[in-house]
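K.L.:
The structure's right below; bear with me while I get my questions together.
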Amino acid sequence: MSDLLHARRALLTAAIFGIAVAGSASARAEDIIIGAATAQTGGLAPFDQPALAGFRMAIDEINAKGGMAGKYPVKLLIKDTRSDTAQTATVAQELIDAGARVMITPCDADPSISAGQLTQPLGIPTITLCGSAPVLPGAVGDVMFGSYPADNIQAAAIAEFAIKEGKKSAYLLTSPDATYLNLPEYFGQVFEKKGGKVTGRGTFTMNQPDFSAEVTKIKNLAEKPDVIMTSAYEPDFPAFIQQLRAAGVTIPVYGADAIGTPTIKGLGSLVDGVIFTAAGYALPGSKLEGFNDAFTKSAGHAPESTYEVNGYEIGYIIDAAVTAAGSADPAAIRTAIAGLKDFEGVTGKITYAGTTGMPLRAVVLMRYEGGEPKYVDAVTPAADDVPAPL
């Protein structure tokens, strides 16, 4: 088939499906088509878009060197999920129909599962950009992989830190609306295992602007907890912390990776003392510092978070798998990802071998001080301290 016909078919596919194509206009037989079903609009966009920017940077670098394993050029097809689970399934099917051999999914469990239910029967390796729910592989199957520190690993690291800080009691604020929002329950398991006590629980509905009832409940507790643990994110975390502090409640608040964003940072002194997690921190002279400099030059602005580097690492994880497999076959790529051990990422070693799809890797703890995120520690929880997926 002529290159011209290839180009016409690629352009026709893009026109039919509304696919944004990164790279050359035509896909060749030796190309690896990667479908990216990601949120460019809606509530997940602040997480998906930075991660996608890092991923695209990696793909550009890889293609400049001849492609995956130096010989398989990457064709990246991108579709907007609009932060909607049903739309994610629609988009994933369109990308499969367009020839995707690898699928990238949003930074959330529910839409990633909806995409994975389509890729699993076809054996297409599927990687969530920064989704961290440890239940993901079990809910989908052996094609599903995470890359970011899993919720139970993050929670174990935060709980260990809380005990070291002398915290003896905790209040857990969760929501039934998303798997990620139950991360505090993992925290509670590890916290109590190490001698702490969960003295209260509260719940909220996602996107609710009014936390007054929950704040009043916490304020009126007879026994005030040493810490409030929540994995709420935008817009819920800003609303909660603003109303909590406005009510005069000064109890320390711990969160997770989703509050390491410009919006939360913009709250200034209001979030001082808040502990949260990240995939890495740019210590002077580190690989991450080098990545941040390179990203800034490429994108024209500094990374907003560690989601950019996480997306970047995903590109090279796939490259390492294709190299190990010596093939562009989806089944071979999936097997190779599952066998990666001590992959040298920008943020440190990442291992899939011996896991069910969520990698073993370090968790960085950060604290907001003066409205700025400051490095606290890097923790790799012991395997025995990581709770089983809920």
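Chain labels follow the order of the structure tokens: the first chain is A, the next B, and so on; residue numbering restarts at 1 in every chain, and ligands are counted from 1 in their shown order.
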Out of stretch 107-142 of chain A, which residues get helix (DSSP H, G or I) from DSSP, as JSON, numbers by chain?
P.N.:
{"A": [109, 110, 111, 112, 113, 114, 115, 116, 117, 118, 119, 136, 137, 138, 139, 140]}
K.L.:
Contacts of A:Ala86 at 9 Å or less, counting only C-alpha atoms, minus same-chain residues fewer than 4 places along, as a list in words?
P.N.:
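The neighbour list is Thr81, Thr90, Val91, Pro111 and Ser114 of chain A.
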K.L.:
May I have a table of the residues of stretch 72-116 of chain A lying at most 12 Å from stretch 171-186 of chain A, giving each one's closest pair of atoms and their distance in Å to one decimal, counting only C-alpha atoms, ordered by chain and ascending residue number, as JSON lines?
P.N.:
```
{"residue": "A:Thr85", "atom": "CA", "partner": "A:Ala178", "partner_atom": "CA", "distance": 11.5}
{"residue": "A:Cys107", "atom": "CA", "partner": "A:Tyr180", "partner_atom": "CA", "distance": 9.9}
{"residue": "A:Asp108", "atom": "CA", "partner": "A:Tyr180", "partner_atom": "CA", "distance": 7.4}
{"residue": "A:Ala109", "atom": "CA", "partner": "A:Thr179", "partner_atom": "CA", "distance": 6.6}
{"residue": "A:Asp110", "atom": "CA", "partner": "A:Ala178", "partner_atom": "CA", "distance": 7.4}
{"residue": "A:Pro111", "atom": "CA", "partner": "A:Ala178", "partner_atom": "CA", "distance": 10.5}
{"residue": "A:Ser112", "atom": "CA", "partner": "A:Thr179", "partner_atom": "CA", "distance": 11.6}
{"residue": "A:Ile113", "atom": "CA", "partner": "A:Thr179", "partner_atom": "CA", "distance": 11.2}
```
K.L.:
What would the file look like if the residues just selected were written as a PDB file, in the first residue's frame with C-alpha atoms?
P.N.:
```pdb
ATOM      1  CA  THR A  85     -16.399   7.144  32.682  1.00  0.00           C
ATOM      2  CA  CYS A 107      -5.568   9.340  36.470  1.00  0.00           C
ATOM      3  CA  ASP A 108      -8.568   7.667  38.075  1.00  0.00           C
ATOM      4  CA  ALA A 109      -9.719   4.109  38.666  1.00  0.00           C
ATOM      5  CA  ASP A 110     -13.297   4.159  37.357  1.00  0.00           C
ATOM      6  CA  PRO A 111     -12.576   5.447  33.825  1.00  0.00           C
ATOM      7  CA  SER A 112      -9.412   3.342  33.639  1.00  0.00           C
ATOM      8  CA  ILE A 113     -11.433   0.248  34.507  1.00  0.00           C
TER       9      ILE A 113
END
```
K.L.:
May I ask for the distance between atom CA of A:Ser298 and atom CA of A:Arg82, given in Å to one decimal place?
P.N.:
26.0 Å
K.L.:
Which of these residues is nearest to A:Gly54, using only C-alpha atoms: A:Ile163, A:Val376, A:Ile228, A:Cys130?
P.N.:
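Using only C-alpha atoms, the shortest distance to A:Gly54 belongs to A:Cys130.
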K.L.:
Find the residues around A:Ala378 up to 10 Å (only C-alpha atoms counted), leave out those fewer than 2 positions away in its own chain, and share them as a list in words.
P.N.:
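With the cut-off at 10 Å, the set is Ala157, Thr277, Ala278, Ala279, Gly280, Tyr281, Ala362, Val363, Val364, Leu365, Met366, Tyr375, Val376, Thr380 and Pro381 of chain A.
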K.L.:
Would you mind exporting N, CA and C atoms of the selected residues as a PDB file, in the first residue's frame?
P.N.:
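That gives us again_11.pdb:
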```pdb
ATOM      1  N   ALA A 157       3.214   4.871  53.781  1.00  0.00           N
ATOM      2  CA  ALA A 157       4.294   5.834  53.995  1.00  0.00           C
ATOM      3  C   ALA A 157       3.842   6.982  54.903  1.00  0.00           C
ATOM      4  N   THR A 277       1.818  13.469  49.492  1.00  0.00           N
ATOM      5  CA  THR A 277       2.756  12.559  48.859  1.00  0.00           C
ATOM      6  C   THR A 277       3.062  12.990  47.430  1.00  0.00           C
ATOM      7  N   ALA A 278       4.153  12.476  46.902  1.00  0.00           N
ATOM      8  CA  ALA A 278       4.535  12.730  45.516  1.00  0.00           C
ATOM      9  C   ALA A 278       5.376  11.563  45.022  1.00  0.00           C
ATOM     10  N   ALA A 279       5.557  11.489  43.714  1.00  0.00           N
ATOM     11  CA  ALA A 279       6.353  10.422  43.129  1.00  0.00           C
ATOM     12  C   ALA A 279       7.843  10.722  43.183  1.00  0.00           C
ATOM     13  N   GLY A 280       8.208  11.964  43.478  1.00  0.00           N
ATOM     14  CA  GLY A 280       9.619  12.308  43.537  1.00  0.00           C
ATOM     15  C   GLY A 280       9.807  13.750  43.947  1.00  0.00           C
ATOM     16  N   TYR A 281      11.081  14.112  44.165  1.00  0.00           N
ATOM     17  CA  TYR A 281      11.426  15.485  44.513  1.00  0.00           C
ATOM     18  C   TYR A 281      12.781  15.815  43.888  1.00  0.00           C
ATOM     19  N   ALA A 362       9.461   4.148  45.595  1.00  0.00           N
ATOM     20  CA  ALA A 362       9.495   5.004  46.777  1.00  0.00           C
ATOM     21  C   ALA A 362       8.386   6.055  46.725  1.00  0.00           C
ATOM     22  N   VAL A 363       8.011   6.512  47.903  1.00  0.00           N
ATOM     23  CA  VAL A 363       7.031   7.596  48.050  1.00  0.00           C
ATOM     24  C   VAL A 363       7.730   8.781  48.702  1.00  0.00           C
ATOM     25  N   VAL A 364       7.586   9.953  48.108  1.00  0.00           N
ATOM     26  CA  VAL A 364       8.164  11.165  48.689  1.00  0.00           C
ATOM     27  C   VAL A 364       7.097  11.878  49.508  1.00  0.00           C
ATOM     28  N   LEU A 365       7.472  12.324  50.681  1.00  0.00           N
ATOM     29  CA  LEU A 365       6.568  13.088  51.545  1.00  0.00           C
ATOM     30  C   LEU A 365       6.944  14.564  51.473  1.00  0.00           C
ATOM     31  N   MET A 366       5.933  15.404  51.300  1.00  0.00           N
ATOM     32  CA  MET A 366       6.120  16.848  51.181  1.00  0.00           C
ATOM     33  C   MET A 366       5.271  17.555  52.245  1.00  0.00           C
ATOM     34  N   TYR A 375      10.373  19.465  50.731  1.00  0.00           N
ATOM     35  CA  TYR A 375      10.718  18.044  50.860  1.00  0.00           C
ATOM     36  C   TYR A 375      10.843  17.666  52.332  1.00  0.00           C
ATOM     37  N   VAL A 376      10.250  16.523  52.693  1.00  0.00           N
ATOM     38  CA  VAL A 376      10.344  16.018  54.066  1.00  0.00           C
ATOM     39  C   VAL A 376      11.168  14.742  54.116  1.00  0.00           C
ATOM     40  N   THR A 380      10.142   4.094  51.488  1.00  0.00           N
ATOM     41  CA  THR A 380       9.729   2.870  50.802  1.00  0.00           C
ATOM     42  C   THR A 380       9.190   1.923  51.861  1.00  0.00           C
ATOM     43  N   PRO A 381       7.866   1.833  51.999  1.00  0.00           N
ATOM     44  CA  PRO A 381       7.292   1.004  53.060  1.00  0.00           C
ATOM     45  C   PRO A 381       7.699  -0.458  52.926  1.00  0.00           C
TER      46      PRO A 381
END
```
K.L.:
As a list in words, please: the residues near A:Gly188 (cut-off 10 Å, only C-alpha atoms, same-chain neighbours under 4 positions excluded).
P.N.:
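The residues that qualify are Ala155, Ala156, Ala159, Ser169, Ala170, Tyr171, Leu172, Leu183, Pro184, Glu192, Lys193, Lys194, Gly196, Lys197, Val198, Thr199, Met229 and Pro387 of chain A.
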